[in-house]
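Scroll down for the structure; my scribbles are underneath it.
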Amino acid sequence: MSRRDRSKSAIGPDYLQYAGRWHVSGEDIIHAVLWSMNPVLIATRQVRRARLQGDELSLQAEEHDARGRSRIHRIDWSRA
């Protein structure tokens with residue numbers, strides 16, 4: 001089992017949390033991860049495609065596994 005697989009199984013497959021600095025580049029938001037409950041993410045860059053429509057913000061990323069399979073992660077935010 002890889003370090004990544006061990007770290008994901010320890011915190012749950014559907015939970016992701018990280019913090020750090022970010023900047024906008026075109027339609028992307030690039031996060032420089034300084035802290036994460038998943039230690040594999042620390043010191044990485046996470047690129048998210050951003051779409052803002054009115055009070056709704058959507059961040060989306062595509063992930064590829066070792067077998068070449070991909071999946072889309074998306075989180076939608078709405079202004080309160």
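Lettering and numbering for the structure tokens are positional, with chains as A, B, ... in the shown order, residues counted from 1 in each chain, and ligands counted from 1 in the shown order.
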| said: Which of chain A end up as strand (DSSP E or B) when DSSP is run on this backbone - answer as a VMD selection string? | reply: chain A and resid 18 to 25 28 to 36 45 to 53 56 to 64 70 to 78
| task | Using atom CA of Ser36 of chain A and atom CA of Ala19 of chain A as the two end points, give the distance in Å to one decimal. | result |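 Value for the atom CA of Ser36 of chain A-atom CA of Ala19 of chain A distance: 6.4 Å.
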| helix (DSSP H, G or I) positions in chain A, given as a PyMOL selection string | chain A and resi 3-11+39-41
| field | Interatomic distance (Å, one decimal) between atom CA of Gly68 of chain A and atom CA of Arg21 of chain A | value |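 Distance between the two atoms: 29.4 Å.
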| request: Could you give me, as JSON, numbers by chain, the residues within 9 Å of Arg51 of chain A, counting only C-alpha atoms and dropping anything in the same chain fewer than 6 positions from it? | output: {"A": [27, 28, 57, 58, 59, 60]}
| field | Coordinates-based distance that separates atom CA of Arg74 of chain A from atom CA of Gln46 of chain A (Å, one decimal) | value | 13.1 Å
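Considering the residues A:Val47, A:Ile75, A:Ile42, A:Ala61 and counting only C-alpha atoms, Trp22 of chain A has its shortest atom-to-atom contact with A:Val47.
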